[in-house]
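Shown next: data-v4.txt, containing compact mmCIF, C-alpha atoms.
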# COMPACT_ATOMS: atom_id res chain seq x y z
CA MET J 152 0.00 0.00 0.00
CA GLY J 153 1.54 3.30 -1.11
CA LEU J 154 1.63 6.45 0.92
CA MET J 155 -1.24 7.93 -1.05
CA ASP J 156 -3.31 4.85 -0.22
CA ALA J 157 -3.11 5.50 3.53
CA PRO J 158 -6.59 5.02 5.10
CA ARG J 159 -8.42 8.28 5.81
CA GLY J 160 -8.57 7.47 9.51
CA MET J 161 -4.76 7.45 9.66
CA ARG J 162 -4.41 10.90 8.04
CA LEU J 163 -4.09 14.23 9.80
CA HIS J 164 -7.44 15.93 9.12
CA ILE J 165 -7.01 19.62 8.24
CA GLY J 166 -10.32 21.54 8.13
CA ILE J 167 -10.49 24.83 6.19
CA PHE J 168 -13.12 27.20 7.62
CA GLY J 169 -14.28 30.76 6.99
CA ARG J 170 -16.95 32.95 5.46
CA ARG J 171 -18.22 32.43 1.97
CA ASN J 172 -16.02 33.67 -0.83
CA VAL J 173 -12.89 34.42 1.20
CA GLY J 174 -10.83 32.06 -0.95
CA LYS J 175 -10.90 28.78 0.99
CA SER J 176 -11.14 26.71 -2.18
CA SER J 177 -8.41 28.74 -3.89
CA LEU J 178 -6.15 28.15 -0.90
CA LEU J 179 -6.80 24.40 -1.04
CA ASN J 180 -6.08 24.36 -4.76
CA ALA J 181 -2.86 26.29 -4.19
CA ILE J 182 -1.54 23.95 -1.49
CA THR J 183 -2.48 20.79 -3.41
CA ARG J 184 -1.54 22.19 -6.83
CA GLN J 185 -4.77 20.69 -8.18
CA GLU J 186 -8.18 22.08 -9.02
CA VAL J 187 -9.94 19.95 -6.42
CA SER J 188 -12.46 22.61 -5.39
CA ILE J 189 -14.75 24.66 -7.60
CA VAL J 190 -13.63 28.28 -7.62
CA SER J 191 -15.75 31.18 -8.86
CA ASP J 192 -16.50 34.80 -8.10
CA PHE J 193 -19.93 33.91 -6.74
CA ALA J 194 -20.36 33.50 -3.00
CA GLY J 195 -21.24 30.06 -1.69
CA THR J 196 -19.93 27.95 -4.58
CA THR J 197 -18.75 25.15 -2.28
CA THR J 198 -21.88 23.32 -1.12
CA ASP J 199 -20.67 20.24 0.77
CA PRO J 200 -17.26 19.66 2.36
CA VAL J 201 -14.70 18.68 -0.29
CA GLU J 202 -11.99 16.24 0.81
CA LYS J 203 -8.52 16.01 -0.69
CA PRO J 204 -5.92 13.46 0.51
CA MET J 205 -2.27 14.28 -0.12
CA GLU J 206 1.24 13.87 1.23
CA LEU J 207 2.42 16.94 3.15
CA LEU J 208 6.04 16.21 3.97
CA PRO J 209 7.41 15.81 6.55
CA LEU J 210 4.03 15.20 8.21
CA GLY J 211 3.09 12.46 5.79
CA PRO J 212 -0.53 11.65 4.84
CA VAL J 213 -3.08 14.41 5.47
CA LEU J 214 -6.69 15.00 4.48
CA PHE J 215 -7.76 18.55 3.63
CA ILE J 216 -11.47 19.29 4.15
CA ASP J 217 -12.76 22.40 2.35
CA THR J 218 -16.02 23.52 3.97
CA ALA J 219 -18.94 25.67 2.91
CA GLY J 220 -19.05 29.10 4.53
CA ILE J 221 -20.83 28.98 7.87
CA ASP J 222 -22.40 32.40 7.29
CA ASP J 223 -24.74 30.85 4.70
CA VAL J 224 -28.33 32.08 4.84
CA GLY J 225 -31.61 30.40 4.00
CA ALA J 226 -32.74 26.78 4.34
CA LEU J 227 -30.09 25.32 2.03
CA GLY J 228 -27.47 27.49 3.66
CA ALA J 229 -28.47 26.15 7.09
CA LEU J 230 -27.98 22.59 5.85
CA ARG J 231 -24.56 23.46 4.43
CA ALA J 232 -23.62 25.22 7.66
CA ARG J 233 -24.67 22.16 9.71
CA ARG J 234 -22.45 19.93 7.60
CA THR J 235 -19.64 22.41 8.03
CA MET J 236 -20.09 22.34 11.81
CA GLN J 237 -19.86 18.53 11.71
CA VAL J 238 -16.40 18.88 10.20
CA PHE J 239 -15.19 20.42 13.48
CA ASP J 240 -15.56 16.97 15.05
CA ARG J 241 -13.15 15.50 12.51
CA THR J 242 -10.59 18.29 12.48
CA ASP J 243 -7.14 17.67 13.95
CA LEU J 244 -5.77 21.00 12.70
CA GLY J 245 -7.96 23.98 11.83
CA VAL J 246 -7.37 26.63 9.18
CA LEU J 247 -9.33 29.88 9.59
CA VAL J 248 -9.39 31.90 6.38
CA THR J 249 -10.54 35.49 6.08
CA GLU J 250 -9.80 38.42 3.82
CA ALA J 251 -7.13 40.81 4.93
CA GLY J 252 -8.65 43.45 7.16
CA SER J 253 -12.02 41.70 7.50
CA TRP J 254 -11.79 40.09 10.92
CA GLY J 255 -15.18 40.14 12.66
CA GLU J 256 -17.73 38.17 14.67
CA TYR J 257 -17.77 35.21 12.26
CA GLU J 258 -14.04 34.74 12.66
CA ASP J 259 -14.35 35.11 16.43
CA GLY J 260 -17.01 32.40 16.43
CA ILE J 261 -14.89 29.94 14.47
CA LEU J 262 -11.87 30.69 16.62
CA ASP J 263 -13.99 30.07 19.74
CA GLU J 264 -14.91 26.61 18.39
CA PHE J 265 -11.25 25.75 17.91
CA LEU J 266 -10.26 27.04 21.35
CA GLU J 267 -13.12 25.20 23.08
CA ARG J 268 -12.10 21.95 21.41
CA LYS J 269 -8.39 22.61 22.03
CA THR J 270 -7.79 22.22 18.30
CA PRO J 271 -4.62 23.91 16.99
CA VAL J 272 -5.37 26.58 14.40
CA VAL J 273 -3.62 28.45 11.60
CA VAL J 274 -5.08 31.86 10.68
CA VAL J 275 -4.80 32.96 7.04
CA PHE J 276 -5.41 36.47 5.74
CA ASN J 277 -6.11 35.85 2.06
CA LYS J 278 -6.39 38.22 -0.92
CA VAL J 279 -3.60 40.47 0.34
CA ASP J 280 -3.13 41.57 -3.27
CA LEU J 281 -6.47 43.39 -3.07
CA HIS J 282 -5.94 45.10 0.28
CA GLU J 283 -3.39 47.17 2.07
CA ARG J 284 -1.35 45.36 4.69
CA PRO J 285 -3.91 44.45 7.36
CA ALA J 286 -3.84 46.09 10.75
CA PRO J 287 -3.05 43.79 13.71
CA VAL J 288 -6.00 41.99 15.31
CA PRO J 289 -5.78 42.44 19.11
CA ARG J 290 -7.28 39.04 19.89
CA LEU J 291 -4.80 37.22 17.68
CA GLN J 292 -1.97 39.15 19.31
CA GLU J 293 -3.21 38.10 22.76
CA LEU J 294 -3.27 34.45 21.64
CA LYS J 295 0.13 34.84 19.95
CA LEU J 296 -1.34 33.72 16.62
CA THR J 297 0.52 35.23 13.69
CA PRO J 298 -1.63 35.24 10.53
CA VAL J 299 -0.22 33.87 7.29
CA LEU J 300 -0.59 36.36 4.42
CA THR J 301 -1.60 34.83 1.09
CA ALA J 302 -2.94 35.61 -2.35
CA ALA J 303 -4.06 32.08 -3.09
CA HIS J 304 -5.18 32.56 -6.68
CA GLU J 305 -1.64 33.79 -7.46
CA ARG J 306 -0.13 31.04 -5.26
CA ARG J 307 1.58 33.71 -3.14
CA GLY J 308 2.30 32.78 0.46
CA VAL J 309 1.80 29.04 -0.12
CA LEU J 310 5.19 28.10 1.31
CA ASP J 311 4.49 30.19 4.42
CA PHE J 312 1.11 28.46 4.74
CA ARG J 313 2.73 25.03 4.43
CA GLN J 314 5.28 25.88 7.12
CA ALA J 315 2.55 27.16 9.43
CA LEU J 316 0.69 23.85 9.05
CA LEU J 317 3.82 21.92 9.95
CA ASP J 318 4.49 24.15 12.97
CA ALA J 319 0.92 23.84 14.28
CA ALA J 320 0.45 20.10 13.73
CA PRO J 321 -0.51 18.40 17.03
CA PRO J 322 2.36 16.43 18.57
CA ASP J 323 0.21 13.35 19.06
CA PHE J 324 -0.15 13.02 15.29
CA ILE J 325 3.58 12.65 14.91
CA ASP J 326 3.71 10.35 17.94
CA ASN J 327 0.59 8.29 17.18
CA PRO J 328 -0.53 5.69 19.71
CA THR J 329 0.02 2.16 18.53
CA ILE J 330 -2.72 -0.38 17.93
CA LEU J 331 -0.97 -3.22 19.75
CA GLY J 332 2.75 -2.48 19.42
CA ASP J 333 2.92 -1.61 23.13
CA LEU J 334 1.35 -4.96 24.01
CA VAL J 335 3.69 -7.11 21.91
CA ASN J 336 7.36 -6.26 22.20
CA THR J 337 10.20 -6.66 19.72
CA GLY J 338 10.65 -10.31 18.78
CA GLU J 339 7.41 -11.43 20.45
CA LEU J 340 4.49 -13.08 18.67
CA ALA J 341 0.80 -12.15 18.37
CA VAL J 342 -1.70 -14.61 16.92
CA LEU J 343 -4.42 -12.91 14.88
CA VAL J 344 -7.58 -14.95 14.40
CA VAL J 345 -9.31 -14.07 11.13
CA PRO J 346 -12.44 -16.07 10.25
CA ILE J 347 -12.83 -16.69 6.53
CA ASP J 348 -16.27 -17.71 5.27
CA LYS J 349 -18.85 -16.73 2.66
CA GLU J 350 -19.31 -13.28 4.21
CA ALA J 351 -15.61 -12.38 4.35
CA PRO J 352 -14.49 -9.85 1.71
CA ARG J 353 -13.14 -11.90 -1.19
CA GLY J 354 -9.41 -11.75 -1.76
CA ARG J 355 -8.54 -9.38 1.07
CA LEU J 356 -8.54 -8.74 4.80
CA ILE J 357 -10.57 -6.02 6.46
CA LEU J 358 -8.93 -2.75 7.47
CA PRO J 359 -8.41 -3.39 11.23
CA GLN J 360 -6.66 -6.67 10.47
CA VAL J 361 -4.34 -5.11 7.90
CA GLN J 362 -3.51 -2.17 10.17
CA SER J 363 -2.81 -4.52 13.10
CA ILE J 364 -0.38 -6.58 11.03
CA ARG J 365 1.42 -3.42 9.90
CA ASP J 366 1.54 -2.12 13.48
CA LEU J 367 3.23 -5.33 14.64
CA MET J 368 5.75 -5.07 11.83
CA ASP J 369 6.50 -1.44 12.71
CA SER J 370 7.18 -2.62 16.28
CA ASP J 371 9.52 -5.39 15.06
CA ALA J 372 7.12 -7.96 16.46
CA MET J 373 5.74 -11.04 14.69
CA ALA J 374 2.24 -11.92 13.52
CA LEU J 375 0.76 -15.36 12.97
CA VAL J 376 -2.56 -15.16 11.11
CA VAL J 377 -4.91 -18.15 11.42
CA LYS J 378 -8.56 -19.05 11.01
CA GLU J 379 -10.45 -19.79 14.21
CA ARG J 380 -10.48 -23.55 13.60
CA GLU J 381 -6.69 -23.54 13.32
CA LEU J 382 -6.01 -21.62 16.54
CA GLY J 383 -5.67 -24.57 18.92
CA HIS J 384 -3.35 -26.46 16.56
CA ALA J 385 -1.27 -23.32 15.94
CA ILE J 386 -0.76 -22.62 19.66
CA ASP J 387 0.12 -26.27 20.32
CA GLY J 388 2.82 -26.05 17.64
CA LEU J 389 4.57 -23.05 19.20
CA LYS J 390 7.64 -23.56 21.37
CA VAL J 391 6.78 -20.41 23.33
CA PRO J 392 3.18 -19.25 24.00
CA PRO J 393 2.15 -16.12 22.09
CA LYS J 394 2.23 -12.79 23.86
CA LEU J 395 -1.33 -12.00 22.73
CA VAL J 396 -4.25 -13.49 20.81
CA VAL J 397 -6.51 -11.09 18.90
CA THR J 398 -9.75 -12.28 17.32
CA ASP J 399 -12.65 -11.03 15.31
CA SER J 400 -15.31 -10.27 17.94
CA GLN J 401 -17.78 -12.67 16.39
CA ALA J 402 -15.48 -15.64 17.04
CA PHE J 403 -15.00 -14.65 20.70
CA LEU J 404 -16.41 -17.80 22.33
CA LYS J 405 -14.43 -20.35 20.33
CA VAL J 406 -11.21 -18.34 20.58
CA ALA J 407 -11.67 -17.86 24.33
CA ALA J 408 -12.09 -21.63 24.70
CA ASP J 409 -9.01 -22.44 22.60
CA THR J 410 -6.68 -19.82 24.09
CA PRO J 411 -4.76 -20.92 27.23
CA PRO J 412 -5.88 -18.91 30.30
CA GLN J 413 -2.39 -17.50 30.82
CA VAL J 414 -2.34 -15.99 27.31
CA PRO J 415 -4.05 -12.57 27.09
CA MET J 416 -6.86 -12.43 24.53
CA THR J 417 -8.97 -9.63 23.07
CA SER J 418 -10.61 -8.54 19.80
CA PHE J 419 -9.71 -6.19 16.98
CA SER J 420 -12.70 -4.01 17.83
CA ILE J 421 -11.60 -3.59 21.45
CA LEU J 422 -8.06 -2.75 20.30
CA PHE J 423 -9.55 -0.04 18.11
CA ALA J 424 -11.72 1.24 20.96
CA ARG J 425 -8.42 2.07 22.63
CA PHE J 426 -6.58 3.18 19.48
CA LYS J 427 -9.32 5.47 18.16
CA GLY J 428 -11.10 6.47 21.36
CA ASP J 429 -10.98 6.06 25.13
CA LEU J 430 -11.20 2.43 26.28
CA ALA J 431 -11.83 3.18 29.96
CA SER J 432 -14.87 5.37 29.28
CA GLN J 433 -16.27 2.81 26.84
CA VAL J 434 -15.84 0.07 29.46
CA GLU J 435 -17.91 2.23 31.79
CA GLY J 436 -20.46 2.62 29.03
CA THR J 437 -20.67 -1.13 28.55
CA LEU J 438 -21.81 -1.62 32.14
CA ALA J 439 -25.02 0.22 31.25
CA VAL J 440 -26.11 -2.94 29.40
CA GLU J 441 -26.84 -4.40 32.84
CA HIS J 442 -29.58 -1.82 33.44
CA LEU J 443 -31.27 -1.93 30.04
CA GLN J 444 -34.93 -2.84 30.16
CA SER J 445 -37.45 -3.84 27.52
CA GLY J 446 -38.16 -0.89 25.24
CA ALA J 447 -34.83 0.86 25.88
CA LYS J 448 -33.57 3.08 23.03
CA VAL J 449 -30.26 1.82 21.63
CA LEU J 450 -28.32 3.59 18.87
CA ILE J 451 -25.90 1.44 16.86
CA ALA J 452 -23.39 3.63 15.02
CA GLU J 453 -21.06 2.60 12.19
CA ALA J 454 -18.20 4.82 11.08
CA CYS J 455 -18.29 3.66 7.47
CA SER J 456 -21.17 3.26 5.03
CA HIS J 457 -21.52 -0.23 3.62
CA HIS J 458 -24.21 -2.45 2.16
CA PRO J 459 -25.54 -4.67 4.96
CA ILE J 460 -25.01 -8.40 4.42
CA ALA J 461 -26.76 -11.44 5.84
CA GLU J 462 -26.09 -11.80 9.57
CA ASP J 463 -24.66 -8.28 9.63
CA ILE J 464 -22.94 -7.68 12.96
CA GLY J 465 -24.47 -4.25 13.62
CA ARG J 466 -27.96 -4.89 12.26
CA VAL J 467 -28.52 -8.52 13.17
CA LYS J 468 -26.06 -10.06 15.60
CA ILE J 469 -25.55 -7.34 18.21
CA PRO J 470 -29.30 -6.57 18.37
CA ARG J 471 -29.93 -10.32 18.79
CA TRP J 472 -27.38 -10.79 21.56
CA LEU J 473 -28.47 -7.62 23.40
CA THR J 474 -32.12 -8.64 23.19
CA GLN J 475 -31.29 -12.09 24.54
CA TYR J 476 -29.26 -10.61 27.38
CA VAL J 477 -31.90 -8.06 28.37
CA GLY J 478 -34.73 -10.53 27.94
CA GLY J 479 -37.03 -8.11 26.15
CA LYS J 480 -37.44 -6.24 22.87
CA LEU J 481 -35.30 -3.14 22.43
CA ASP J 482 -35.94 -0.01 20.36
CA ILE J 483 -32.84 -0.17 18.16
CA HIS J 484 -31.83 2.40 15.52
CA HIS J 485 -28.82 2.54 13.18
CA VAL J 486 -26.71 5.37 11.73
CA GLN J 487 -23.79 5.25 9.32
CA GLY J 488 -20.85 7.46 8.42
CA HIS J 489 -21.15 11.04 9.62
CA ASP J 490 -24.91 10.80 10.28
CA PHE J 491 -24.46 10.87 14.05
CA PRO J 492 -27.11 12.75 16.07
CA ASP J 493 -26.18 16.23 17.23
CA ASP J 494 -28.31 15.67 20.34
CA LEU J 495 -28.14 12.25 22.04
CA THR J 496 -30.72 13.13 24.68
CA GLY J 497 -33.22 10.31 25.10
CA TRP J 498 -30.95 7.43 24.12
CA ASP J 499 -30.23 4.76 26.72
CA LEU J 500 -27.09 3.38 25.08
CA VAL J 501 -24.84 4.02 22.07
CA VAL J 502 -22.99 1.03 20.60
CA HIS J 503 -20.22 2.17 18.25
CA CYS J 504 -18.08 0.19 15.84
CA GLY J 505 -14.29 0.16 16.10
CA ALA J 506 -14.11 3.39 14.02
CA CYS J 507 -11.26 2.06 11.90
CA THR J 508 -12.10 4.57 9.14
CA PHE J 509 -12.21 7.56 11.53
CA ASN J 510 -9.38 9.58 12.94
CA ARG J 511 -9.09 9.55 16.72
CA ARG J 512 -10.32 13.12 17.19
CA ALA J 513 -13.64 12.31 15.48
CA MET J 514 -14.23 9.30 17.73
CA LEU J 515 -13.26 11.23 20.85
CA ALA J 516 -15.70 13.97 19.83
CA ARG J 517 -18.51 11.40 19.74
CA ILE J 518 -17.51 10.04 23.13
CA MET J 519 -17.50 13.55 24.59
CA ARG J 520 -20.87 14.31 22.99
CA ALA J 521 -22.33 11.21 24.63
CA ARG J 522 -20.77 12.05 27.97
CA GLU J 523 -22.19 15.60 27.88
CA ALA J 524 -25.65 14.15 27.19
CA GLY J 525 -25.28 11.62 30.01
CA VAL J 526 -25.62 8.71 27.56
CA PRO J 527 -23.33 5.66 27.96
CA LEU J 528 -21.31 4.77 24.86
CA THR J 529 -19.74 1.37 24.26
CA ASN J 530 -18.09 -0.50 21.41
CA TYR J 531 -19.00 -3.51 19.26
CA GLY J 532 -16.33 -5.78 20.72
CA LEU J 533 -16.98 -4.69 24.29
CA VAL J 534 -20.72 -5.21 24.14
CA ILE J 535 -20.31 -8.58 22.42
CA ALA J 536 -17.85 -9.77 25.07
CA TYR J 537 -20.18 -8.55 27.82
CA SER J 538 -23.29 -10.17 26.41
CA LEU J 539 -21.41 -13.45 25.90
CA GLY J 540 -20.10 -13.50 29.47
CA ILE J 541 -16.37 -13.10 28.67
CA PHE J 542 -15.95 -9.41 29.39
CA GLU J 543 -13.17 -9.76 31.97
CA ARG J 544 -11.31 -12.20 29.73
CA ALA J 545 -11.43 -9.76 26.82
CA LEU J 546 -10.04 -6.94 29.02
CA GLN J 547 -7.11 -9.03 30.26
CA PRO J 548 -4.49 -7.21 28.11
CA PHE J 549 -5.59 -3.79 29.44
CA PRO J 550 -4.98 -3.47 33.22
CA ALA J 551 -6.36 0.07 33.53
CA ALA J 552 -9.60 -0.78 31.73
CA LEU J 553 -9.91 -4.03 33.65
CA ASP J 554 -9.55 -2.10 36.89
CA VAL J 555 -12.41 0.20 35.86
CA TYR J 556 -14.62 -2.86 35.49
CA ARG J 557 -13.53 -4.47 38.75
CA GLN J 558 -13.98 -1.22 40.69
CA ALA J 559 -17.50 -0.93 39.28
CA LEU J 560 -18.28 -4.43 40.55
CA LYS J 561 -17.12 -3.44 44.03
CA ALA J 562 -19.49 -0.46 44.18
CA PRO J 563 -22.18 -1.03 46.82
CA ALA J 564 -25.15 -2.88 45.32
CA ALA J 565 -24.07 -1.79 41.85
CA HIS J 566 -23.74 -4.27 39.04
CA ALA J 567 -24.37 -7.20 41.37
CA HIS J 568 -26.12 -9.06 38.63
CA ALA J 569 -23.21 -8.29 36.29
CA ALA J 570 -20.85 -10.32 38.45
CA ALA J 571 -23.25 -13.24 38.36
CA ALA J 572 -23.70 -12.88 34.62
CA GLN J 573 -19.97 -13.13 33.99
CA ALA J 574 -19.91 -16.46 35.84
CA ALA J 575 -23.04 -17.77 34.17
CA GLU J 576 -23.32 -19.81 30.98
CA PRO J 577 -22.56 -17.50 28.03
CA VAL J 578 -25.33 -16.63 25.62
CA THR J 579 -24.76 -18.83 22.55
CA ALA J 580 -28.09 -18.80 20.75
CA GLY J 581 -27.70 -17.47 17.23
CA LEU J 582 -23.88 -17.67 17.27
CA PRO J 583 -22.75 -19.89 14.39
CA GLU J 584 -19.76 -22.15 14.94
CA ASN J 585 -17.91 -20.41 12.13
CA ALA J 586 -18.85 -16.84 12.99
CA ALA J 587 -18.91 -14.41 10.09
CA VAL J 588 -16.61 -11.47 9.55
CA ASP J 589 -17.68 -8.26 7.86
CA GLU J 590 -16.37 -4.76 7.29
CA LEU J 591 -16.99 -3.54 10.83
CA CYS J 592 -14.47 -5.55 12.90
Show how you would write the structure in this file as structure tokens.
Amino acid sequence: MGLMDAPRGMRLHIGIFGRRNVGKSSLLNAITRQEVSIVSDFAGTTTDPVEKPMELLPLGPVLFIDTAGIDDVGALGALRARRTMQVFDRTDLGVLVTEAGSWGEYEDGILDEFLERKTPVVVVFNKVDLHERPAPVPRLQELKLTPVLTAAHERRGVLDFRQALLDAAPPDFIDNPTILGDLVNTGELAVLVVPIDKEAPRGRLILPQVQSIRDLMDSDAMALVVKERELGHAIDGLKVPPKLVVTDSQAFLKVAADTPPQVPMTSFSILFARFKGDLASQVEGTLAVEHLQSGAKVLIAEACSHHPIAEDIGRVKIPRWLTQYVGGKLDIHHVQGHDFPDDLTGWDLVVHCGACTFNRRAMLARIMRAREAGVPLTNYGLVIAYSLGIFERALQPFPAALDVYRQALKAPAAHAHAAAAQAAEPVTAGLPENAAVDELC
């Protein structure tokens, strides 16, 4: 996979914001050297966010997102503005564009969004060829933000803009957390269990599996990839037990049975709950399953848009296992891609996929949105492990997250039934021996 084929979720997301017709699209075209955005003299030409992946050395893969102006008016303008506001959730590095000498309340509002989210920002004064040198903006001086001066349609100031992006890039992008490289050290072995059946994507592995293999290689560790029926034989043939076993969540029960108790075991989806989000808070969210009652409203959210297949994990299997665990019918709804509710009030639980196609900031934004609304949010792998009675086993590689669970069990009268459920016979109805794998880990 070449650099330009890097998954979008692994790219630094750079959102370009500002009023209509200040030259956002021209600036994007100048930095990418391609006509990726429609440019005209008419205000509001950009309707929906336009995305452009590229290599911005030395940062590596980035994704520019050119937004519609948030000062749009009218019904259509409100829709465009809403979509623009959604881009804030995905933005790792913000670019605020205005015309030289035109700083006002719109710019203050965008800057406030960045500051509230603790998102680094680059301020650009565009169209300097049409204006005298702009007077200093007191607020920018207070924040020690030095605007970049550009005339994008003439490609003036592009190098300064590029340098400003490099200087403002968040440190955690350069020092990305690993998927499992901190769990499997140099020279150690991880066994990855990848079911292959009629529902597996033909001729390829799904994204979390590929990224996990690459992460192990980057850590100078080793990966042994097997199907679930081969796991027991593979472990028996090793001279030294593996450091970790990772499975597709849908094969949890068989893999848990075939993995020696002393070998830590988890799922790809739980790994990505940690890699893309906050595992401890999602463990807390999982415990809300214990209090669900018949009729509870459950939102199942998928980061990517895909055509549902038979026995789809989000639409069929998780609803089935949750319903069996609760013992009553649930009011379950599904959303895909960026169609995540702005207001989560009224939901009893959010079950999110591993978010392998998202960047971490977008997933953390959803977690924070749920927390602000007082709605528990969990993850596919976590809720599957919980409903199947192997939650503690699946958290074995993560001491901090496991401690969150154990502390919750110690709370007076809280989760008493949860402790009993973990010791009870796992729910197996509807779980095929050769569990399917799909695009959602």
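Across the structure, CA of Asp554 (chain J) and CA of Pro415 (chain J) are spaced 15.4 Å apart.
The nearest approach to Leu438 (chain J) among the residues J:Gly354, J:Pro548, J:Pro328, J:Pro527, with only C-alpha atoms taken into account, belongs to J:Pro527.
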*Could you check how far CA of Val173 (chain J) sits from CA of Glu206 (chain J), in Å to one decimal?*
24.9 Å
*Would you list the residues near (-5.9, 21.8, 9.4), meaning any protein, DNA or RNA residue with an atom at most 7 Å from that point in file coordinates, counting all atoms listed in the file, as JSON, numbers by chain?*
{"J": [164, 165, 166, 167, 215, 242, 243, 244, 245, 246, 272, 316]}
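Straight-line separation from CA of Ile261 (chain J) to CA of Glu293 (chain J): 16.5 Å.
Among J:Leu214, J:Val434, J:Met205, J:Ala302, the residue with the shortest atom-to-atom distance to Phe509 (chain J), counting only C-alpha atoms, is J:Leu214.
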*asked:* Let me make sure I understand: among J:Leu247, J:Ile182, J:Val345, J:Ala402, which one has the smallest atom-to-atom distance to Leu310 (chain J) if we use all atoms listed in the file?
replied: J:Ile182
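If all atoms listed in the file are the atoms counted, then among J:Leu207, J:Leu528, J:Cys507, J:Ala251 the closest residue to Lys427 (chain J) is J:Cys507.
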*Spatial neighbours of Met373 (chain J), 9 Å, only C-alpha atoms, chain gap at least 3 places, as a VMD selection string*: chain J and resid 335 337 to 342 364 367 to 368 370
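Of the residues listed (J:Thr329, J:Gln237, J:Thr496, J:Ser432), J:Thr496 shows the shortest atom-to-atom separation from Glu523 (chain J); distances use only C-alpha atoms.
For the choices J:Met161, J:Phe426, J:Ser253, J:Leu291, the atom-to-atom distance to Asp333 (chain J) is smallest for J:Phe426 when using all atoms listed in the file.
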*Leaving out region 394-400 of chain J and any residue of its chain fewer than 6 positions from it, which residues lie within 10 Å of it when counting all atoms listed in the file, given as a ChimeraX atom specification?*
/J:331,334-336,339-346,359-360,363,373-379,382,386,406-407,410-411,413-422,464,531-536,545,547-548,586-589,591-592
_Test item: which residues lie within 10 Å of (-29.3, 6.1, 26.0) counting all atoms listed in the file, as a PyMOL selection string_ = chain J and resi 436+439+443+447-450+495-502+521+524-528
Complete the atom set of region 241-253 of chain J to N, CA and C atoms and return it as a compact mmCIF listing (two decimals), keeping the file's coordinate frame.
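That gives us result_5.txt:
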# COMPACT_ATOMS: atom_id res chain seq x y z
N ARG J 241 -14.16 16.32 13.18
CA ARG J 241 -13.15 15.50 12.51
C ARG J 241 -11.82 16.22 12.35
N THR J 242 -11.76 17.46 12.78
CA THR J 242 -10.59 18.29 12.48
C THR J 242 -9.50 18.14 13.53
N ASP J 243 -8.31 17.73 13.08
CA ASP J 243 -7.14 17.67 13.95
C ASP J 243 -6.40 19.01 13.97
N LEU J 244 -6.45 19.71 12.85
CA LEU J 244 -5.77 21.00 12.70
C LEU J 244 -6.68 21.92 11.90
N GLY J 245 -7.03 23.07 12.48
CA GLY J 245 -7.96 23.98 11.83
C GLY J 245 -7.25 25.08 11.07
N VAL J 246 -7.84 25.48 9.95
CA VAL J 246 -7.37 26.63 9.18
C VAL J 246 -8.52 27.63 9.09
N LEU J 247 -8.32 28.82 9.61
CA LEU J 247 -9.33 29.88 9.59
C LEU J 247 -8.92 30.91 8.55
N VAL J 248 -9.72 31.01 7.50
CA VAL J 248 -9.39 31.90 6.38
C VAL J 248 -10.32 33.11 6.39
N THR J 249 -9.74 34.28 6.24
CA THR J 249 -10.54 35.49 6.08
C THR J 249 -9.80 36.42 5.13
N GLU J 250 -10.48 37.43 4.64
CA GLU J 250 -9.80 38.42 3.82
C GLU J 250 -9.02 39.38 4.71
N ALA J 251 -7.94 39.85 4.18
CA ALA J 251 -7.13 40.81 4.93
C ALA J 251 -7.97 41.99 5.36
N GLY J 252 -7.92 42.30 6.65
CA GLY J 252 -8.65 43.45 7.16
C GLY J 252 -10.12 43.22 7.40
N SER J 253 -10.58 41.98 7.37
CA SER J 253 -12.02 41.70 7.50
C SER J 253 -12.36 40.86 8.73
